[in-house]
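Asks: Here you go, this is upload_16.cif (mmCIF, C-alpha atoms and all ligand atoms).
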data_final
loop_
_atom_site.label_atom_id
_atom_site.label_comp_id
_atom_site.auth_asym_id
_atom_site.auth_seq_id
_atom_site.Cartn_x
_atom_site.Cartn_y
_atom_site.Cartn_z
CA MET A 264 -116.97 -22.61 -228.77
CA MET A 265 -120.17 -21.30 -230.45
CA ASP A 266 -120.46 -23.32 -233.65
CA SER A 267 -122.79 -23.16 -236.62
CA GLU A 268 -124.79 -26.26 -237.51
CA HIS A 269 -122.32 -27.25 -240.24
CA ALA A 270 -119.34 -26.73 -237.90
CA ARG A 271 -120.92 -29.00 -235.24
CA GLU A 272 -121.58 -31.69 -237.84
CA ASN A 273 -118.12 -31.36 -239.41
CA ARG A 274 -116.45 -31.53 -236.00
CA ARG A 275 -118.30 -34.77 -235.26
CA TYR A 276 -117.44 -36.15 -238.72
CA TRP A 277 -113.74 -35.25 -238.51
CA ASN A 278 -113.33 -36.60 -234.98
CA GLU A 279 -114.84 -39.88 -236.18
CA ARG A 280 -112.76 -40.05 -239.38
CA ALA A 281 -109.44 -38.83 -237.93
CA PRO A 282 -107.94 -42.35 -237.64
CA ASP A 283 -108.31 -42.77 -241.43
CA TRP A 284 -106.06 -39.73 -242.02
CA VAL A 285 -103.15 -40.70 -239.76
CA ALA A 286 -101.22 -42.72 -242.39
CA SER A 287 -101.42 -40.03 -245.11
CA GLY A 288 -100.50 -37.40 -242.52
CA GLU A 289 -97.43 -39.43 -241.55
CA ARG A 290 -96.40 -39.83 -245.20
CA ASN A 291 -96.73 -36.11 -245.90
CA TRP A 292 -94.84 -35.14 -242.77
CA VAL A 293 -91.76 -37.11 -243.94
CA ASP A 294 -91.97 -35.80 -247.52
CA PRO A 295 -89.61 -32.81 -247.80
CA MET A 296 -91.19 -31.53 -251.05
CA PRO A 297 -94.69 -30.08 -250.68
CA SER A 298 -97.23 -31.39 -253.17
CA TRP A 299 -100.83 -30.34 -253.47
CA GLY A 300 -104.34 -31.59 -253.72
CA ILE A 301 -105.63 -35.01 -254.66
CA TRP A 302 -103.21 -35.26 -257.63
CA GLY A 303 -100.11 -34.40 -255.58
CA VAL A 304 -98.89 -31.61 -257.88
CA PRO A 305 -95.37 -30.59 -256.73
CA ASN A 306 -94.84 -27.11 -255.31
CA ASP A 307 -92.39 -26.39 -258.18
CA GLU A 308 -95.32 -26.58 -260.62
CA LEU A 309 -98.00 -25.22 -258.33
CA PRO A 310 -96.25 -22.88 -255.89
CA LEU A 311 -98.67 -22.50 -253.01
CA LEU A 312 -95.71 -21.96 -250.66
CA PRO A 313 -92.90 -19.47 -251.22
CA GLU A 314 -89.45 -21.10 -251.02
CA ASP A 315 -88.31 -18.76 -248.28
CA MET A 316 -90.77 -18.10 -245.49
CA ARG A 317 -88.28 -16.83 -242.93
CA GLY A 318 -89.79 -14.19 -240.70
CA LEU A 319 -93.36 -14.78 -241.90
CA ARG A 320 -96.15 -15.32 -239.41
CA ALA A 321 -98.14 -18.11 -241.08
CA VAL A 322 -101.47 -19.73 -240.25
CA GLU A 323 -103.06 -22.90 -241.62
CA LEU A 324 -106.85 -22.74 -241.50
CA GLY A 325 -108.17 -26.27 -240.96
CA CYS A 326 -104.75 -27.83 -240.52
CA GLY A 327 -105.81 -31.47 -240.08
CA THR A 328 -102.73 -33.58 -239.38
CA GLY A 329 -100.57 -30.47 -239.78
CA TYR A 330 -98.19 -31.43 -242.57
CA VAL A 331 -98.68 -28.14 -244.44
CA SER A 332 -97.82 -26.38 -241.18
CA GLY A 333 -94.73 -28.61 -240.99
CA TRP A 334 -93.65 -27.61 -244.52
CA MET A 335 -94.04 -23.93 -243.61
CA ALA A 336 -92.06 -24.35 -240.39
CA LYS A 337 -89.24 -26.01 -242.40
CA ARG A 338 -89.20 -22.94 -244.68
CA GLY A 339 -88.62 -20.71 -241.69
CA ALA A 340 -92.11 -19.41 -240.90
CA ARG A 341 -93.50 -18.97 -237.40
CA VAL A 342 -96.54 -21.23 -237.75
CA THR A 343 -99.96 -21.59 -236.16
CA GLY A 344 -102.43 -24.28 -237.18
CA ILE A 345 -106.10 -24.14 -236.26
CA ASP A 346 -108.54 -27.04 -236.55
CA LEU A 347 -112.04 -27.87 -235.37
CA SER A 348 -111.29 -31.54 -234.61
CA GLU A 349 -109.60 -32.50 -231.37
CA ALA A 350 -108.69 -35.89 -232.84
CA GLN A 351 -106.99 -34.39 -235.89
CA LEU A 352 -105.05 -32.04 -233.61
CA THR A 353 -103.89 -34.97 -231.47
CA THR A 354 -102.25 -36.46 -234.59
CA ALA A 355 -100.87 -33.06 -235.66
CA LYS A 356 -99.28 -32.45 -232.25
CA ARG A 357 -97.73 -35.92 -232.13
CA LEU A 358 -96.25 -35.59 -235.64
CA ALA A 359 -94.95 -32.07 -234.96
CA ALA A 360 -93.22 -33.36 -231.82
CA GLU A 361 -91.73 -36.33 -233.71
CA HIS A 362 -90.42 -33.97 -236.40
CA GLU A 363 -89.22 -31.38 -233.87
CA ALA A 364 -91.35 -28.69 -235.48
CA ALA A 365 -92.26 -25.77 -233.23
CA ILE A 366 -95.87 -25.12 -234.29
CA THR A 367 -98.68 -23.64 -232.21
CA PHE A 368 -101.83 -25.73 -232.65
CA VAL A 369 -105.14 -24.17 -231.68
CA HIS A 370 -108.48 -25.91 -231.31
CA GLY A 371 -111.04 -23.64 -232.95
CA ASN A 372 -113.26 -22.70 -235.84
CA ALA A 373 -111.65 -21.02 -238.87
CA GLU A 374 -114.90 -19.08 -239.38
CA ALA A 375 -114.39 -17.22 -236.07
CA THR A 376 -110.81 -17.58 -234.85
CA PRO A 377 -109.40 -16.39 -231.52
CA PHE A 378 -106.58 -14.51 -233.28
CA GLU A 379 -105.91 -10.76 -233.10
CA ASP A 380 -106.52 -8.52 -236.11
CA GLU A 381 -103.56 -8.53 -238.56
CA ALA A 382 -101.80 -11.33 -236.64
CA PHE A 383 -100.45 -13.10 -239.76
CA ASP A 384 -98.58 -12.43 -243.00
CA PHE A 385 -99.57 -15.65 -244.75
CA ALA A 386 -102.65 -17.87 -244.53
CA ILE A 387 -103.21 -21.17 -246.29
CA SER A 388 -105.80 -23.90 -246.55
CA GLU A 389 -105.63 -27.10 -248.55
CA TYR A 390 -109.08 -28.69 -248.27
CA GLY A 391 -109.49 -27.27 -244.75
CA ALA A 392 -111.47 -24.04 -244.30
CA ALA A 393 -111.29 -23.96 -248.11
CA ILE A 394 -114.15 -26.48 -248.36
CA TRP A 395 -115.49 -27.10 -244.84
CA CYS A 396 -116.23 -23.48 -243.91
CA ASP A 397 -118.83 -21.11 -245.29
CA PRO A 398 -116.95 -18.69 -247.59
CA TYR A 399 -119.12 -15.82 -246.36
CA ALA A 400 -117.74 -16.43 -242.85
CA TRP A 401 -114.16 -17.62 -243.32
CA ILE A 402 -113.01 -15.31 -246.15
CA PRO A 403 -113.77 -12.12 -244.13
CA GLU A 404 -112.19 -13.80 -241.08
CA ALA A 405 -109.01 -14.57 -243.05
CA TRP A 406 -108.92 -10.94 -244.22
CA ARG A 407 -109.29 -9.74 -240.59
CA ILE A 408 -106.37 -11.80 -239.27
CA LEU A 409 -104.03 -10.96 -242.17
CA ALA A 410 -101.79 -7.90 -242.01
CA PRO A 411 -101.86 -5.46 -244.96
CA GLY A 412 -99.77 -7.00 -247.73
CA GLY A 413 -100.60 -10.48 -246.36
CA ARG A 414 -101.40 -13.39 -248.66
CA LEU A 415 -104.16 -16.01 -248.60
CA VAL A 416 -103.75 -19.16 -250.69
CA PHE A 417 -106.32 -21.95 -250.76
CA LEU A 418 -107.01 -25.11 -252.70
CA ALA A 419 -110.54 -26.48 -252.98
CA HIS A 420 -112.87 -28.52 -255.16
CA HIS A 421 -113.57 -26.81 -258.46
CA PRO A 422 -117.27 -25.89 -258.85
CA MET A 423 -117.20 -27.81 -262.16
CA ALA A 424 -116.51 -31.01 -260.20
CA SER A 425 -119.36 -30.22 -257.83
CA VAL A 426 -121.77 -29.64 -260.73
CA CYS A 427 -120.86 -33.07 -262.13
CA SER A 428 -121.18 -34.86 -258.76
CA PRO A 429 -124.33 -36.95 -258.45
CA LEU A 430 -126.62 -36.17 -255.53
CA ASP A 431 -126.04 -39.66 -254.07
CA GLY A 432 -122.35 -38.93 -253.41
CA SER A 433 -120.98 -41.20 -256.16
CA GLU A 434 -118.13 -40.41 -258.55
CA ALA A 435 -118.20 -37.35 -260.83
CA THR A 436 -119.85 -38.06 -264.18
CA GLU A 437 -119.82 -36.45 -267.63
CA ARG A 438 -123.30 -35.04 -266.99
CA LEU A 439 -124.44 -31.88 -265.26
CA GLU A 440 -125.90 -33.36 -262.09
CA ARG A 441 -126.98 -30.17 -260.32
CA PRO A 442 -127.30 -26.44 -261.09
CA TYR A 443 -124.17 -24.32 -261.20
CA PHE A 444 -125.90 -21.08 -260.23
CA GLY A 445 -126.65 -21.06 -256.53
CA LEU A 446 -123.90 -23.56 -255.61
CA HIS A 447 -123.02 -23.00 -251.96
CA ARG A 448 -123.72 -25.58 -249.23
CA LEU A 449 -123.32 -29.27 -250.12
CA ASP A 450 -124.67 -31.59 -247.45
CA TRP A 451 -123.21 -35.09 -247.80
CA THR A 452 -124.44 -36.40 -244.45
CA GLU A 453 -127.37 -38.46 -245.78
CA VAL A 454 -126.01 -39.65 -249.14
CA ALA A 455 -125.91 -43.32 -250.08
CA GLU A 456 -122.25 -43.41 -251.17
CA ASP A 457 -119.62 -42.67 -248.55
CA PRO A 458 -121.59 -40.18 -246.40
CA GLY A 459 -119.51 -37.19 -245.39
CA GLY A 460 -119.85 -33.81 -243.75
CA ILE A 461 -121.13 -30.46 -244.99
CA GLU A 462 -118.97 -28.74 -247.60
CA PHE A 463 -119.06 -25.44 -249.46
CA THR A 464 -118.25 -24.32 -252.97
CA MET A 465 -119.43 -21.45 -255.15
CA PRO A 466 -119.68 -20.30 -258.77
CA ILE A 467 -116.60 -18.43 -259.95
CA GLU A 468 -118.46 -15.11 -260.15
CA ALA A 469 -119.61 -15.47 -256.52
CA TRP A 470 -116.00 -16.07 -255.39
CA PHE A 471 -114.82 -12.96 -257.27
CA THR A 472 -117.65 -10.85 -255.87
CA LEU A 473 -116.89 -12.01 -252.32
CA PHE A 474 -113.14 -11.35 -252.68
CA ARG A 475 -113.83 -7.87 -254.04
CA GLU A 476 -116.37 -7.00 -251.33
CA VAL A 477 -114.06 -8.24 -248.56
CA GLY A 478 -111.11 -6.35 -250.03
CA PHE A 479 -108.87 -9.11 -251.40
CA ARG A 480 -107.01 -8.69 -254.67
CA VAL A 481 -106.80 -11.83 -256.83
CA ARG A 482 -103.14 -12.40 -257.73
CA ASP A 483 -103.64 -15.68 -259.58
CA VAL A 484 -105.95 -18.64 -260.03
CA ARG A 485 -104.95 -22.17 -261.05
CA GLU A 486 -106.83 -25.33 -262.09
CA PRO A 487 -104.41 -28.20 -261.42
CA GLU A 488 -104.57 -31.41 -263.47
CA PRO A 489 -103.27 -34.88 -262.61
CA VAL A 490 -99.53 -35.20 -263.09
CA GLY A 491 -97.60 -38.15 -264.51
CA ASP A 492 -99.31 -41.41 -265.54
CA VAL A 493 -101.78 -41.63 -262.67
CA ASP A 494 -104.97 -43.32 -263.87
CA GLU A 495 -106.96 -44.11 -260.73
CA THR A 496 -109.97 -42.52 -259.06
CA ARG A 497 -109.12 -40.39 -256.08
CA PHE A 498 -111.95 -39.51 -253.75
CA PHE A 499 -114.84 -38.77 -256.11
CA VAL A 500 -112.90 -37.95 -259.30
CA SER A 501 -111.14 -40.20 -261.80
CA ALA A 502 -107.87 -39.06 -263.33
CA ALA A 503 -109.47 -39.39 -266.79
CA TRP A 504 -112.26 -37.00 -265.73
CA ALA A 505 -109.76 -34.56 -264.21
CA ARG A 506 -107.74 -34.46 -267.45
CA SER A 507 -110.81 -33.18 -269.29
CA TRP A 508 -112.41 -30.94 -266.67
CA PRO A 509 -111.08 -29.05 -263.65
CA SER A 510 -111.40 -30.98 -260.39
CA GLU A 511 -109.57 -28.48 -258.19
CA ILE A 512 -109.05 -24.74 -257.99
CA VAL A 513 -106.36 -22.72 -256.23
CA TRP A 514 -106.86 -19.05 -255.39
CA PHE A 515 -103.92 -16.74 -254.68
CA LEU A 516 -105.15 -13.61 -252.90
CA GLU A 517 -103.57 -10.55 -251.35
CA LYS A 518 -104.81 -8.08 -248.76
CA PRO A 519 -103.58 -4.80 -250.26
CA ALA A 520 -100.94 -2.96 -248.23
C1 LIG B 1 -108.83 -32.74 -245.28
S1 LIG B 1 -108.33 -31.97 -243.79
C2 LIG B 1 -107.30 -30.67 -244.34
C3 LIG B 1 -105.88 -30.91 -243.95
C4 LIG B 1 -104.97 -31.40 -245.01
N1 LIG B 1 -104.47 -30.35 -245.85
C5 LIG B 1 -105.50 -32.52 -245.85
O1 LIG B 1 -105.83 -32.29 -247.03
O2 LIG B 1 -105.60 -33.65 -245.34
C6 LIG B 1 -109.78 -31.05 -243.36
C7 LIG B 1 -109.68 -30.46 -241.95
O3 LIG B 1 -110.55 -29.34 -241.85
C8 LIG B 1 -110.98 -29.28 -240.51
N2 LIG B 1 -112.13 -28.41 -240.37
C9 LIG B 1 -113.41 -28.63 -240.78
N3 LIG B 1 -114.17 -27.57 -240.47
C10 LIG B 1 -113.37 -26.67 -239.85
C11 LIG B 1 -113.58 -25.39 -239.28
N4 LIG B 1 -114.79 -24.82 -239.28
N5 LIG B 1 -112.53 -24.76 -238.71
C12 LIG B 1 -111.31 -25.33 -238.67
N6 LIG B 1 -111.05 -26.54 -239.19
C13 LIG B 1 -112.07 -27.20 -239.78
C14 LIG B 1 -111.27 -30.73 -240.18
O4 LIG B 1 -111.35 -30.96 -238.79
C15 LIG B 1 -110.11 -31.44 -240.85
O5 LIG B 1 -109.05 -31.67 -239.96
#
For the file at hand, write its structure as structure tokens.
Ligand SMILES: C[S@@+](CC[C@H](N)C(=O)[O-])C[C@H]1O[C@@H](n2cnc3c(N)ncnc32)[C@H](O)[C@@H]1O

Replies:
Amino acid sequence: MMDSEHARENRRYWNERAPDWVASGERNWVDPMPSWGIWGVPNDELPLLPEDMRGLRAVELGCGTGYVSGWMAKRGARVTGIDLSEAQLTTAKRLAAEHEAAITFVHGNAEATPFEDEAFDFAISEYGAAIWCDPYAWIPEAWRILAPGGRLVFLAHHPMASVCSPLDGSEATERLERPYFGLHRLDWTEVAEDPGGIEFTMPIEAWFTLFREVGFRVRDVREPEPVGDVDETRFFVSAAWARSWPSEIVWFLEKPA
């Protein structure tokens, strides 16, 4: 596999961190109702997945432990999950076997997949390719592998949250910690607080320009907030912060028929 510098680093990071994601993967695999993002917004309120996916060829880009793939398989889709980390895929394959879900798992890079043109009707990423891949690589790749009329849905950090994230990797503040214009590659490998991999986000205008140039139509966009009485900090955002400013963004795109 020919990988970019960020893909090599992210593969190393995710192989190392995979054990930390087993328990949440197991919990999500047993949960029959999909819920999304760090605030666990139910699919009824934030419908990333259609209720009926029978007959759809679906792909999860950066599938991790594979629970989103499991939810799609339960809804009747024929599902493929691709991930860069061998260790994450080991967990995904074990959980799919335990839940008797027939899912094809592929080891690969969502920026340059091995799939045929127009191989899928539905593509999704929840914090997979959505944040770990360069949008200028993975968005055109998603377009290539979707059939005309196909949908792409992805959930990622909101650029507002990135702008308010201190450079040392600590929790989002109420200050503007970095410029909004030019947001693209965020390298967390050397930060003092909880070093991570290399992520990507962009200003809203840059996303729209990319979607338009690639050929996607924007069907909807959502900025989910914490639900219920949750009051803790999840990852780098407190619930109080996320009730005032958007921590996450979901894009609903379509490749015109
Ligand atoms: C946070 S998990 C996403 C899965 C799940 N929805 C979740 O939120 O736990 C991120 C996954 O993206 C994968 N990933 C990172 N870069 C990737 C790339 N270039 N291609 C495919 N998968 C990638 C990682 O290996 C990891 O398993």

Asks: When you draw a straight line from CA of Ile408 in chain A to CA of Ala382 in chain A, how long is it in Å?

Replies: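 CA of Ile408 in chain A sits 5.3 Å away from CA of Ala382 in chain A.
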
Asks: Within 7 Å of ligand LIG 1 (chain B), counting all atoms listed in the file: which residues, as a PyMOL selection string?

Replies: chain A and resi 270+273-274+277+284+288+300+324-329+331+345-348+351+371-374+388-392+395-396

Asks: Using CA of Asp397 in chain A and CA of Phe463 in chain A as the two end points, give the distance in Å to one decimal.

Replies: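 Taking CA of Asp397 in chain A and CA of Phe463 in chain A, their separation equals 6.0 Å.
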
Asks: Given the choices A:Val342, A:Ile467, A:Ala435, A:Val481, which gets closest to Ser510 in chain A if the distance is worked out from all atoms listed in the file?

Replies: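 Of A:Val342, A:Ile467, A:Ala435, A:Val481, the one nearest Ser510 in chain A is A:Ala435, counting all atoms listed in the file.
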
Asks: If we count all atoms listed in the file, what is near range 358-370 of chain A at a cut-off of 12 Å, once residues fewer than 5 positions away on the same chain are taken out, given as a ChimeraX atom specification?

Replies: /A:264,274,285-295,320-353,375-378

Asks: Considering only C-alpha atoms, state which residue in the set A:Ala386, A:Ala502, A:Met423, A:Val477 is at the smallest distance from Tyr399 in chain A.

Replies: A:Val477

Asks: Which value, in Å to one decimal, gives the distance between CA of Trp406 in chain A and CA of Gly318 in chain A?

Replies: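 Pair CA of Trp406 in chain A / CA of Gly318 in chain A returns 19.7 Å.
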